[in-house]
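Working notes, structure below.
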Amino acid sequence: MANLITNVSKYLVILLIAIYTYYNFRFFGIRDEWGKRRLCRLQNVVMVLIHTLAYMIIYLRTEDEKTLMFFGAQMLFFFLYMGLYRLFYRNLSRLLLNNACMLLSTSFIILTRISMDRAVRQFAIVAVAAAVTMIIPFIMDRAWQLSKIPWIYGSIGLILLLVVCIMGNTAFGAQLSINIGGFSFQPSEFVKISFVFFVATMFYRSVDFRTIVITTAVAAAHVLVLVLSKDLGSALIFFVTYLLMLFVATGNWLYLGLGAGSGAAAAVIAYNLFSHVRTRVEAWLDPWSDISGKGYQISQSLFAIGTGGWFGMGLYQGMPSKIPVVEKDFVFSAISEEMGGIYAICLILICLGCFMQFMMIAAKMQAVFYKLIAFGLGTTYIVQVFLTIGGVTKFIPSTGVTLPFVSYGGSSILSTFIVFNVVQGLYILKRNEEEDYDEEE
């Protein structure tokens with residue numbers, strides 16, 4: 001009976017996630033505010049149904065009453081978070097809020113299936129992060145002084161990265177984190193935010209040649225420290241973000257071309273300097289030649305994705321534990337195996353919907369400082385999504401970065417909450433200005 005319910009439910013979940021994704025893009029074609037709110041309410045209903053069906057399967061498979069309690073706690077969190085957000089911020093982006101909750105829902109589902117203990121820890125981190133970062137839109141709406149302290153952003157970021165480079169913990173060949181009070185903390189997740197603020201502040205002041213040289217030197221210092229720490233995934237995110245922010249601020253194609261060329265040269269140098277980079281590239285090129293060694297992780301990822309097919313094996317029908325670090329870098333593979341390729345593609349499209357919202361907010365902002373912040377944060381987000389999914393599908397070599405809001409990890413969760421709330425703050429700021437203008441008219 002459990003097998004029958006599991007098989008039927010997985011098709012229902014796929015249908016529901018497809019409907020949710022359709023609403024995600026239908027939102028951009030609706031002009032009136034009432035229609036947008038109605039569509040977002042429908043999204044909420046679909047998300048609740050997906051979450052309920054998934055946890056029903058988990059309960060049937062585990063017969064653990066703790067699962068029901070955990071499910072209840074999650075539903076309470078979602079209702080409180082969305083309700084309080086709407087209460088405090090009337091002009092919020094409902095689509096961005098809904099998509100964040102949908103990604104978190106997927107994270108809770110797949111992490112509960114992989115490890116209940118880690119799912120509970122993730123939930124606790126999410127609850128605290130959501131509460132702490134909810135004040136960010138309020139700050140963004142009232143603190144224009146944020147544009148006046150570029151060297152605070154730049155110096156804090158560099159100091160944190162240097163601390164990791166000197167005394168950080170090494171994992172998979174790279175120095176990624178430091179321990180504070182028994183907790184592991186990955187500074188690069190937060191420095192990418194301060195980095196965007198630094199670049200935005202500098203280019204808001206001026207885009208003359210002298211300012212560009214100074215900003216480029218500081219940006220290069222960030223990337224160099226990350227390279228010395230062998231955190232090449234983060235280094236790539238910083239590099240691409242800076243290059244695109246420079247191009248948007250100046251409109252100069254020469255800068256874009258020179259940056260792309262220097263990036264390609266740096267990639268060749270990194271390949272020759274670092275053995276773990278060569279290992280990842282070799283595993284990417286031909287994982288089957290050493291399937292039990294350096295090609296094990298990517299080959300298991302591909303096996304999982306291929307086994308899942310379009311509709312997935314169903315929760316508890318696959319073997320995600322065969323993939324090393326599955327709950328972090330390779331969580332997309334576990335989702336593809338058990339929840340299906342269609343669900344995984346919809347997840348990508350939801351991430352793309354978030355990025356589109358980021359870019360639309362950036363386009364609407366009149367102040368260059370706010371425009372560059374929204375654009376920069378949107379770029380860091382989508383580049384990280386691309387690197388994660390590209391790595392697990394063998395489209396590009398694995399870079400060891402997480403999937404925002406989905407992968408396990410406190411630093412990743414908190415930094416993503418900050419990114420989404422900063423952009424929400426900009427959206428709310430713009431909507432408030434529009435309302436004030438309409439009232440004056």
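In the structure tokens, each chain is lettered A, B, ... as it comes, each chain's residues begin at 1, and ligands are numbered from 1 in order of appearance.
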Taking the chain letters and numbering used in this document, name the residues of range 142-363 of chain A that DSSP puts in helix (DSSP H, G or I), as a compact mmCIF listing (two decimals) with N, CA and C atoms, in the first residue's frame.
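Produced file part.txt, reproduced below:
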# COMPACT_ATOMS: atom_id res chain seq x y z
N TRP A 144 20.32 55.72 3.81
CA TRP A 144 21.06 56.12 2.62
C TRP A 144 22.56 56.18 2.90
N GLN A 145 22.93 56.25 4.18
CA GLN A 145 24.35 56.30 4.56
C GLN A 145 25.10 55.06 4.13
N LEU A 146 24.37 54.00 3.76
CA LEU A 146 25.02 52.77 3.29
C LEU A 146 25.90 53.04 2.08
N SER A 147 25.62 54.11 1.35
CA SER A 147 26.40 54.40 0.14
C SER A 147 27.65 55.22 0.44
N LYS A 148 27.91 55.53 1.71
CA LYS A 148 29.00 56.44 2.06
C LYS A 148 30.19 55.75 2.72
N PRO A 150 32.39 52.93 1.55
CA PRO A 150 32.94 51.85 0.70
C PRO A 150 34.10 51.11 1.32
N TRP A 151 35.00 51.84 2.01
CA TRP A 151 36.21 51.18 2.51
C TRP A 151 35.93 50.30 3.72
N ILE A 152 34.81 50.53 4.38
CA ILE A 152 34.41 49.60 5.45
C ILE A 152 34.02 48.26 4.84
N TYR A 153 33.23 48.30 3.75
CA TYR A 153 32.87 47.06 3.07
C TYR A 153 34.11 46.33 2.56
N GLY A 154 35.00 47.08 1.90
CA GLY A 154 36.17 46.46 1.30
C GLY A 154 37.14 45.90 2.32
N SER A 155 37.40 46.66 3.39
CA SER A 155 38.38 46.21 4.38
C SER A 155 37.87 45.04 5.21
N ILE A 156 36.60 45.09 5.61
CA ILE A 156 36.04 43.97 6.38
C ILE A 156 36.08 42.68 5.57
N GLY A 157 35.71 42.79 4.30
CA GLY A 157 35.72 41.61 3.44
C GLY A 157 37.11 41.01 3.30
N LEU A 158 38.10 41.85 3.04
CA LEU A 158 39.46 41.36 2.87
C LEU A 158 40.02 40.76 4.16
N ILE A 159 39.72 41.40 5.29
CA ILE A 159 40.21 40.88 6.57
C ILE A 159 39.64 39.49 6.84
N LEU A 160 38.34 39.32 6.61
CA LEU A 160 37.72 38.01 6.84
C LEU A 160 38.33 36.95 5.93
N LEU A 161 38.54 37.29 4.68
CA LEU A 161 39.12 36.31 3.75
C LEU A 161 40.56 35.97 4.13
N LEU A 162 41.31 36.97 4.59
CA LEU A 162 42.69 36.72 5.01
C LEU A 162 42.74 35.81 6.24
N VAL A 163 41.80 36.01 7.16
CA VAL A 163 41.74 35.14 8.35
C VAL A 163 41.54 33.70 7.94
N VAL A 164 40.64 33.46 6.99
CA VAL A 164 40.40 32.10 6.51
C VAL A 164 41.64 31.56 5.81
N CYS A 165 42.28 32.41 5.00
CA CYS A 165 43.47 31.98 4.27
C CYS A 165 44.59 31.55 5.21
N ILE A 166 44.71 32.26 6.34
CA ILE A 166 45.81 31.99 7.28
C ILE A 166 45.50 30.85 8.24
N MET A 167 44.29 30.83 8.78
CA MET A 167 43.98 29.87 9.84
C MET A 167 42.68 29.10 9.62
N SER A 188 33.32 33.59 3.19
CA SER A 188 33.15 33.99 1.79
C SER A 188 31.69 34.15 1.41
N GLU A 189 30.80 33.41 2.10
CA GLU A 189 29.37 33.53 1.82
C GLU A 189 28.87 34.94 2.13
N PHE A 190 29.46 35.59 3.13
CA PHE A 190 29.02 36.92 3.53
C PHE A 190 29.85 38.02 2.87
N VAL A 191 31.11 37.69 2.58
CA VAL A 191 31.97 38.68 1.95
C VAL A 191 31.48 38.99 0.54
N LYS A 192 30.83 38.04 -0.12
CA LYS A 192 30.32 38.33 -1.46
C LYS A 192 29.26 39.44 -1.40
N ILE A 193 28.55 39.57 -0.26
CA ILE A 193 27.57 40.64 -0.10
C ILE A 193 28.28 41.97 0.14
N SER A 194 29.25 41.98 1.06
CA SER A 194 30.00 43.21 1.31
C SER A 194 30.77 43.63 0.06
N PHE A 195 31.22 42.66 -0.73
CA PHE A 195 31.93 42.94 -1.98
C PHE A 195 31.03 43.68 -2.95
N VAL A 196 29.79 43.23 -3.10
CA VAL A 196 28.84 43.90 -3.99
C VAL A 196 28.58 45.32 -3.51
N PHE A 197 28.42 45.50 -2.19
CA PHE A 197 28.20 46.84 -1.64
C PHE A 197 29.41 47.74 -1.90
N PHE A 198 30.61 47.19 -1.76
CA PHE A 198 31.82 47.97 -2.02
C PHE A 198 31.87 48.45 -3.46
N VAL A 199 31.68 47.53 -4.40
CA VAL A 199 31.74 47.89 -5.82
C VAL A 199 30.64 48.88 -6.17
N ALA A 200 29.43 48.64 -5.66
CA ALA A 200 28.31 49.54 -5.95
C ALA A 200 28.58 50.94 -5.42
N THR A 201 29.16 51.01 -4.22
CA THR A 201 29.47 52.32 -3.63
C THR A 201 30.53 53.06 -4.42
N MET A 202 31.56 52.37 -4.85
CA MET A 202 32.63 53.00 -5.61
C MET A 202 32.13 53.51 -6.96
N PHE A 203 31.36 52.69 -7.66
CA PHE A 203 30.88 53.11 -8.98
C PHE A 203 29.73 54.11 -8.88
N TYR A 204 29.07 54.16 -7.74
CA TYR A 204 28.07 55.21 -7.52
C TYR A 204 28.76 56.56 -7.40
N ARG A 205 29.92 56.58 -6.79
CA ARG A 205 30.67 57.83 -6.65
C ARG A 205 31.20 58.32 -7.98
N PHE A 209 38.50 56.74 -14.74
CA PHE A 209 39.53 55.72 -14.86
C PHE A 209 40.22 55.44 -13.53
N ARG A 210 40.48 56.49 -12.76
CA ARG A 210 41.16 56.32 -11.47
C ARG A 210 40.33 55.46 -10.52
N THR A 211 39.03 55.74 -10.44
CA THR A 211 38.15 54.95 -9.56
C THR A 211 38.07 53.50 -10.02
N ILE A 212 38.02 53.30 -11.33
CA ILE A 212 37.96 51.93 -11.87
C ILE A 212 39.23 51.16 -11.52
N VAL A 213 40.39 51.83 -11.62
CA VAL A 213 41.66 51.16 -11.29
C VAL A 213 41.69 50.76 -9.82
N ILE A 214 41.30 51.69 -8.94
CA ILE A 214 41.30 51.40 -7.50
C ILE A 214 40.34 50.27 -7.18
N THR A 215 39.15 50.34 -7.72
CA THR A 215 38.14 49.31 -7.45
C THR A 215 38.58 47.96 -7.98
N THR A 216 39.18 47.97 -9.16
CA THR A 216 39.67 46.72 -9.75
C THR A 216 40.77 46.11 -8.89
N ALA A 217 41.65 46.96 -8.35
CA ALA A 217 42.73 46.46 -7.50
C ALA A 217 42.19 45.79 -6.24
N VAL A 218 41.19 46.41 -5.61
CA VAL A 218 40.59 45.81 -4.41
C VAL A 218 39.85 44.53 -4.77
N ALA A 219 39.13 44.55 -5.88
CA ALA A 219 38.42 43.33 -6.32
C ALA A 219 39.42 42.21 -6.61
N ALA A 220 40.53 42.56 -7.26
CA ALA A 220 41.56 41.56 -7.56
C ALA A 220 42.16 41.00 -6.27
N ALA A 221 42.28 41.85 -5.24
CA ALA A 221 42.81 41.38 -3.95
C ALA A 221 41.87 40.35 -3.34
N HIS A 222 40.55 40.60 -3.41
CA HIS A 222 39.57 39.63 -2.92
C HIS A 222 39.75 38.28 -3.63
N VAL A 223 39.81 38.35 -4.95
CA VAL A 223 39.91 37.12 -5.75
C VAL A 223 41.23 36.41 -5.47
N LEU A 224 42.33 37.17 -5.34
CA LEU A 224 43.64 36.57 -5.10
C LEU A 224 43.67 35.83 -3.76
N VAL A 225 43.10 36.43 -2.72
CA VAL A 225 43.08 35.76 -1.42
C VAL A 225 42.27 34.47 -1.50
N LEU A 226 41.16 34.50 -2.22
CA LEU A 226 40.35 33.29 -2.39
C LEU A 226 41.12 32.22 -3.16
N VAL A 227 41.88 32.64 -4.16
CA VAL A 227 42.71 31.69 -4.92
C VAL A 227 43.78 31.09 -4.03
N LEU A 228 44.42 31.91 -3.19
CA LEU A 228 45.43 31.40 -2.26
C LEU A 228 44.81 30.43 -1.26
N LEU A 232 38.26 28.21 -5.21
CA LEU A 232 38.15 28.73 -6.56
C LEU A 232 36.71 28.93 -7.00
N GLY A 233 35.77 28.21 -6.39
CA GLY A 233 34.36 28.43 -6.70
C GLY A 233 33.93 29.83 -6.32
N SER A 234 34.26 30.24 -5.09
CA SER A 234 33.93 31.59 -4.64
C SER A 234 34.70 32.63 -5.44
N ALA A 235 35.96 32.35 -5.75
CA ALA A 235 36.76 33.28 -6.54
C ALA A 235 36.11 33.56 -7.89
N LEU A 236 35.55 32.51 -8.49
CA LEU A 236 34.89 32.67 -9.79
C LEU A 236 33.63 33.52 -9.66
N ILE A 237 32.87 33.32 -8.57
CA ILE A 237 31.67 34.13 -8.34
C ILE A 237 32.04 35.60 -8.19
N PHE A 238 33.07 35.89 -7.41
CA PHE A 238 33.51 37.27 -7.21
C PHE A 238 33.97 37.88 -8.53
N PHE A 239 34.74 37.12 -9.28
CA PHE A 239 35.28 37.64 -10.54
C PHE A 239 34.17 37.98 -11.54
N VAL A 240 33.25 37.05 -11.76
CA VAL A 240 32.16 37.28 -12.71
C VAL A 240 31.28 38.43 -12.26
N THR A 241 30.98 38.48 -10.96
CA THR A 241 30.15 39.56 -10.43
C THR A 241 30.79 40.92 -10.67
N TYR A 242 32.08 41.03 -10.36
CA TYR A 242 32.75 42.32 -10.55
C TYR A 242 32.80 42.71 -12.02
N LEU A 243 33.11 41.75 -12.87
CA LEU A 243 33.23 42.05 -14.30
C LEU A 243 31.91 42.57 -14.86
N LEU A 244 30.81 41.94 -14.50
CA LEU A 244 29.50 42.35 -15.01
C LEU A 244 29.04 43.67 -14.38
N MET A 245 29.35 43.88 -13.09
CA MET A 245 29.01 45.16 -12.47
C MET A 245 29.80 46.30 -13.12
N LEU A 246 31.07 46.05 -13.44
CA LEU A 246 31.89 47.05 -14.13
C LEU A 246 31.30 47.38 -15.49
N PHE A 247 30.87 46.36 -16.21
CA PHE A 247 30.30 46.58 -17.54
C PHE A 247 28.98 47.37 -17.45
N VAL A 248 28.13 47.02 -16.48
CA VAL A 248 26.85 47.72 -16.33
C VAL A 248 27.08 49.18 -15.93
N ALA A 249 28.07 49.42 -15.07
CA ALA A 249 28.33 50.78 -14.59
C ALA A 249 28.94 51.66 -15.68
N THR A 250 29.76 51.08 -16.55
CA THR A 250 30.48 51.88 -17.55
C THR A 250 29.95 51.73 -18.97
N TRP A 253 32.64 47.95 -23.54
CA TRP A 253 32.87 46.56 -23.98
C TRP A 253 34.34 46.16 -23.87
N LEU A 254 35.23 47.15 -23.93
CA LEU A 254 36.66 46.84 -23.81
C LEU A 254 36.97 46.24 -22.44
N TYR A 255 36.40 46.81 -21.39
CA TYR A 255 36.59 46.26 -20.04
C TYR A 255 36.08 44.83 -19.96
N LEU A 256 34.93 44.59 -20.58
CA LEU A 256 34.36 43.25 -20.55
C LEU A 256 35.25 42.25 -21.27
N GLY A 257 35.77 42.65 -22.43
CA GLY A 257 36.64 41.76 -23.19
C GLY A 257 37.95 41.48 -22.47
N LEU A 258 38.58 42.53 -21.94
CA LEU A 258 39.84 42.35 -21.20
C LEU A 258 39.63 41.48 -19.97
N GLY A 259 38.51 41.70 -19.27
CA GLY A 259 38.22 40.90 -18.08
C GLY A 259 38.02 39.44 -18.42
N ALA A 260 37.27 39.16 -19.48
CA ALA A 260 37.04 37.78 -19.89
C ALA A 260 38.34 37.09 -20.28
N GLY A 261 39.20 37.83 -20.98
CA GLY A 261 40.49 37.26 -21.38
C GLY A 261 41.38 36.96 -20.19
N SER A 262 41.43 37.89 -19.23
CA SER A 262 42.25 37.66 -18.04
C SER A 262 41.68 36.51 -17.20
N GLY A 263 40.37 36.38 -17.19
CA GLY A 263 39.75 35.27 -16.46
C GLY A 263 40.12 33.93 -17.06
N ALA A 264 40.11 33.85 -18.38
CA ALA A 264 40.50 32.60 -19.06
C ALA A 264 41.96 32.26 -18.76
N ALA A 265 42.83 33.28 -18.78
CA ALA A 265 44.25 33.05 -18.47
C ALA A 265 44.42 32.58 -17.03
N ALA A 266 43.65 33.18 -16.11
CA ALA A 266 43.73 32.79 -14.70
C ALA A 266 43.28 31.35 -14.50
N ALA A 267 42.29 30.91 -15.27
CA ALA A 267 41.81 29.53 -15.16
C ALA A 267 42.90 28.54 -15.56
N VAL A 268 43.65 28.88 -16.62
CA VAL A 268 44.75 28.01 -17.06
C VAL A 268 45.84 27.95 -15.99
N ILE A 269 46.14 29.12 -15.40
CA ILE A 269 47.16 29.16 -14.35
C ILE A 269 46.73 28.34 -13.13
N ALA A 270 45.47 28.47 -12.75
CA ALA A 270 44.96 27.71 -11.60
C ALA A 270 45.03 26.21 -11.86
N TYR A 271 44.76 25.81 -13.09
CA TYR A 271 44.83 24.38 -13.44
C TYR A 271 46.25 23.85 -13.26
N ASN A 272 47.23 24.64 -13.61
CA ASN A 272 48.61 24.19 -13.51
C ASN A 272 49.18 24.30 -12.09
N LEU A 273 48.61 25.21 -11.28
CA LEU A 273 49.14 25.42 -9.93
C LEU A 273 48.57 24.47 -8.89
N SER A 275 46.66 21.05 -7.55
CA SER A 275 46.42 19.64 -7.89
C SER A 275 44.94 19.29 -7.78
N HIS A 276 44.22 19.88 -6.78
CA HIS A 276 42.81 19.52 -6.63
C HIS A 276 41.98 20.09 -7.79
N VAL A 277 42.43 21.17 -8.41
CA VAL A 277 41.74 21.70 -9.59
C VAL A 277 41.94 20.75 -10.76
N ARG A 278 43.19 20.26 -10.93
CA ARG A 278 43.45 19.30 -12.01
C ARG A 278 42.63 18.03 -11.81
N THR A 279 42.51 17.60 -10.56
CA THR A 279 41.72 16.40 -10.27
C THR A 279 40.26 16.59 -10.67
N ARG A 280 39.71 17.76 -10.34
CA ARG A 280 38.31 18.02 -10.68
C ARG A 280 38.10 18.13 -12.19
N VAL A 281 39.06 18.75 -12.87
CA VAL A 281 38.94 18.87 -14.33
C VAL A 281 39.05 17.50 -14.99
N GLU A 282 39.99 16.68 -14.52
CA GLU A 282 40.15 15.34 -15.07
C GLU A 282 38.92 14.49 -14.80
N ALA A 283 38.35 14.63 -13.61
CA ALA A 283 37.12 13.90 -13.28
C ALA A 283 35.97 14.37 -14.16
N TRP A 284 35.97 15.64 -14.49
CA TRP A 284 34.92 16.18 -15.37
C TRP A 284 35.08 15.67 -16.80
N LEU A 285 36.31 15.65 -17.27
CA LEU A 285 36.54 15.23 -18.64
C LEU A 285 36.23 13.75 -18.84
N PRO A 287 35.13 10.90 -16.04
CA PRO A 287 34.97 10.29 -14.72
C PRO A 287 35.00 8.77 -14.76
N TRP A 288 34.72 8.19 -15.93
CA TRP A 288 34.63 6.73 -16.03
C TRP A 288 36.00 6.06 -16.02
N SER A 289 37.06 6.81 -16.29
CA SER A 289 38.39 6.21 -16.32
C SER A 289 38.88 5.85 -14.91
N ASP A 290 38.35 6.53 -13.89
CA ASP A 290 38.72 6.23 -12.50
C ASP A 290 37.46 6.34 -11.65
N TYR A 296 34.57 9.21 -8.76
CA TYR A 296 33.48 8.56 -8.03
C TYR A 296 32.30 9.51 -7.79
N GLN A 297 32.58 10.71 -7.31
CA GLN A 297 31.49 11.63 -6.93
C GLN A 297 30.65 12.02 -8.13
N ILE A 298 31.28 12.45 -9.21
CA ILE A 298 30.52 12.89 -10.37
C ILE A 298 29.81 11.72 -11.06
N SER A 299 30.46 10.55 -11.06
CA SER A 299 29.80 9.39 -11.69
C SER A 299 28.57 8.96 -10.89
N GLN A 300 28.67 8.98 -9.56
CA GLN A 300 27.50 8.65 -8.73
C GLN A 300 26.39 9.68 -8.93
N SER A 301 26.77 10.93 -9.10
CA SER A 301 25.79 11.98 -9.37
C SER A 301 25.06 11.71 -10.68
N LEU A 302 25.82 11.36 -11.71
CA LEU A 302 25.21 11.09 -13.01
C LEU A 302 24.35 9.84 -12.97
N PHE A 303 24.79 8.82 -12.24
CA PHE A 303 23.98 7.61 -12.07
C PHE A 303 22.64 7.96 -11.41
N ALA A 304 22.70 8.80 -10.38
CA ALA A 304 21.49 9.17 -9.65
C ALA A 304 20.52 9.93 -10.56
N ILE A 305 21.05 10.90 -11.30
CA ILE A 305 20.20 11.69 -12.20
C ILE A 305 19.60 10.80 -13.28
N GLY A 306 20.44 9.93 -13.85
CA GLY A 306 19.95 9.02 -14.89
C GLY A 306 18.94 8.02 -14.37
N THR A 307 19.16 7.50 -13.18
CA THR A 307 18.23 6.53 -12.59
C THR A 307 16.89 7.16 -12.30
N GLY A 308 16.90 8.40 -11.84
CA GLY A 308 15.65 9.08 -11.52
C GLY A 308 14.78 9.34 -12.74
N PRO A 320 20.60 8.14 -2.47
CA PRO A 320 21.37 9.39 -2.46
C PRO A 320 22.60 9.34 -1.57
N SER A 321 22.59 8.46 -0.57
CA SER A 321 23.74 8.38 0.34
C SER A 321 24.99 7.87 -0.36
N LYS A 322 24.86 7.31 -1.56
CA LYS A 322 26.02 6.85 -2.34
C LYS A 322 26.86 8.01 -2.86
N VAL A 331 23.23 18.20 -3.68
CA VAL A 331 21.83 17.99 -3.29
C VAL A 331 20.92 17.94 -4.52
N PHE A 332 21.30 18.62 -5.59
CA PHE A 332 20.50 18.61 -6.81
C PHE A 332 20.40 17.21 -7.39
N SER A 333 21.46 16.41 -7.23
CA SER A 333 21.45 15.03 -7.73
C SER A 333 20.43 14.19 -6.96
N ALA A 334 20.39 14.36 -5.64
CA ALA A 334 19.42 13.62 -4.82
C ALA A 334 18.00 13.99 -5.19
N ILE A 335 17.75 15.29 -5.44
CA ILE A 335 16.42 15.74 -5.85
C ILE A 335 16.05 15.12 -7.19
N SER A 336 17.00 15.10 -8.12
CA SER A 336 16.74 14.53 -9.45
C SER A 336 16.44 13.04 -9.36
N GLU A 337 17.15 12.32 -8.50
CA GLU A 337 16.98 10.87 -8.41
C GLU A 337 15.61 10.51 -7.84
N GLU A 338 15.22 11.13 -6.75
CA GLU A 338 14.01 10.68 -6.06
C GLU A 338 12.77 11.50 -6.41
N MET A 339 12.94 12.77 -6.76
CA MET A 339 11.78 13.61 -7.07
C MET A 339 11.63 13.85 -8.56
N GLY A 341 13.45 14.34 -12.78
CA GLY A 341 14.06 15.35 -13.63
C GLY A 341 13.15 16.54 -13.87
N ILE A 342 11.84 16.29 -13.97
CA ILE A 342 10.89 17.39 -14.17
C ILE A 342 10.90 18.30 -12.96
N TYR A 343 10.88 17.72 -11.76
CA TYR A 343 10.93 18.53 -10.54
C TYR A 343 12.23 19.33 -10.51
N ALA A 344 13.34 18.69 -10.88
CA ALA A 344 14.64 19.37 -10.86
C ALA A 344 14.67 20.53 -11.85
N ILE A 345 14.10 20.33 -13.04
CA ILE A 345 14.05 21.42 -14.03
C ILE A 345 13.18 22.56 -13.51
N CYS A 346 12.06 22.22 -12.88
CA CYS A 346 11.20 23.26 -12.30
C CYS A 346 11.94 24.04 -11.22
N LEU A 347 12.77 23.34 -10.47
CA LEU A 347 13.57 24.01 -9.43
C LEU A 347 14.52 25.02 -10.07
N ILE A 348 15.14 24.64 -11.18
CA ILE A 348 16.01 25.57 -11.90
C ILE A 348 15.22 26.78 -12.37
N LEU A 349 14.02 26.53 -12.89
CA LEU A 349 13.19 27.63 -13.39
C LEU A 349 12.74 28.56 -12.27
N ILE A 350 12.51 28.01 -11.09
CA ILE A 350 12.16 28.85 -9.94
C ILE A 350 13.34 29.75 -9.57
N CYS A 351 14.54 29.18 -9.59
CA CYS A 351 15.75 29.99 -9.35
C CYS A 351 15.88 31.07 -10.42
N LEU A 352 15.58 30.71 -11.66
CA LEU A 352 15.63 31.68 -12.76
C LEU A 352 14.59 32.78 -12.54
N GLY A 353 13.42 32.40 -12.01
CA GLY A 353 12.39 33.38 -11.71
C GLY A 353 12.85 34.38 -10.65
N CYS A 354 13.58 33.89 -9.65
CA CYS A 354 14.16 34.78 -8.63
C CYS A 354 15.14 35.76 -9.28
N PHE A 355 15.99 35.24 -10.16
CA PHE A 355 16.97 36.08 -10.84
C PHE A 355 16.28 37.14 -11.70
N MET A 356 15.23 36.75 -12.41
CA MET A 356 14.50 37.71 -13.23
C MET A 356 13.90 38.82 -12.37
N GLN A 357 13.38 38.44 -11.21
CA GLN A 357 12.84 39.45 -10.30
C GLN A 357 13.93 40.39 -9.81
N PHE A 358 15.11 39.85 -9.51
CA PHE A 358 16.25 40.68 -9.11
C PHE A 358 16.57 41.70 -10.20
N MET A 359 16.63 41.23 -11.45
CA MET A 359 17.01 42.10 -12.55
C MET A 359 15.93 43.15 -12.84
N MET A 360 14.66 42.78 -12.69
CA MET A 360 13.58 43.74 -12.90
C MET A 360 13.62 44.83 -11.83
N ILE A 361 13.94 44.44 -10.60
CA ILE A 361 14.08 45.43 -9.53
C ILE A 361 15.25 46.35 -9.82
N ALA A 362 16.37 45.77 -10.29
CA ALA A 362 17.54 46.58 -10.63
C ALA A 362 17.20 47.58 -11.73
N ALA A 363 16.44 47.14 -12.72
CA ALA A 363 16.09 48.01 -13.84
C ALA A 363 15.19 49.16 -13.41
Residues within 12 Å of Thr62 in chain A, please, as a PyMOL selection string. Count only C-alpha atoms; anything in the same chain fewer than 2 positions from it doesn't count.
chain A and resi 2+55-60+64-68+112-116+315-316
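Of the listed residues (A:Ser412, A:Asn98, A:Gln43, A:Thr379), A:Gln43 comes nearest to Ala18 in chain A; the distances count only C-alpha atoms.
Considering only C-alpha atoms, the residue among A:Phe311, A:Phe375, A:Tyr427, A:Tyr381 positioned nearest to Leu12 in chain A is A:Phe311.
The two atoms in question, CA of Ser184 in chain A and CA of Ser398 in chain A, are spaced 22.2 Å apart.
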Would you kindly return, as an NGL selection string, each protein, DNA or RNA residue with an atom no farther than 12 Å from any atom of Ala131 in chain A, considering only C-alpha atoms and excluding same-chain residues fewer than 4 positions away?
:A and (77-78 or 80-82 or 84-85 or 124-127 or 135-136 or 414 or 417-418 or 421)
The selected residues should be written to file as a PDB file, in the first residue's frame (atoms: C-alpha atoms).
ATOM      1  CA  PHE A  77       7.142  28.548  10.358  1.00  0.00           C
ATOM      2  CA  PHE A  78       5.991  29.132   6.767  1.00  0.00           C
ATOM      3  CA  LEU A  80       4.273  32.860  10.440  1.00  0.00           C
ATOM      4  CA  TYR A  81       7.111  33.989   8.195  1.00  0.00           C
ATOM      5  CA  MET A  82       4.925  34.858   5.217  1.00  0.00           C
ATOM      6  CA  LEU A  84       4.558  38.556   9.435  1.00  0.00           C
ATOM      7  CA  TYR A  85       6.429  39.647   6.318  1.00  0.00           C
ATOM      8  CA  ALA A 124      16.655  25.736  13.344  1.00  0.00           C
ATOM      9  CA  ILE A 125      19.144  27.777  11.296  1.00  0.00           C
ATOM     10  CA  VAL A 126      16.422  28.828   8.867  1.00  0.00           C
ATOM     11  CA  ALA A 127      14.079  29.938  11.665  1.00  0.00           C
ATOM     12  CA  ILE A 135      14.638  43.782   9.699  1.00  0.00           C
ATOM     13  CA  ILE A 136      16.851  44.332   6.627  1.00  0.00           C
ATOM     14  CA  LEU A 414      22.016  33.040   6.357  1.00  0.00           C
ATOM     15  CA  PHE A 417      18.425  35.291   3.462  1.00  0.00           C
ATOM     16  CA  ILE A 418      20.463  38.506   3.596  1.00  0.00           C
ATOM     17  CA  ASN A 421      15.993  40.623   2.090  1.00  0.00           C
TER      18      ASN A 421
END
Which of these, A:Met69, A:Glu433, A:Ser292, A:Val419, has the shortest distance to Gly376 in chain A once you count only C-alpha atoms?
A:Val419
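Closest approach to Leu111 in chain A among A:Gly391, A:Gly409, A:Gly35, A:Gly72 is made by A:Gly409 (distances from only C-alpha atoms).
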Assign secondary structure with DSSP using the backbone only, and return the residues of range 140-351 of chain A in strand (DSSP E or B) as a PyMOL selection string.
chain A and resi 169-171+174-180+183-185
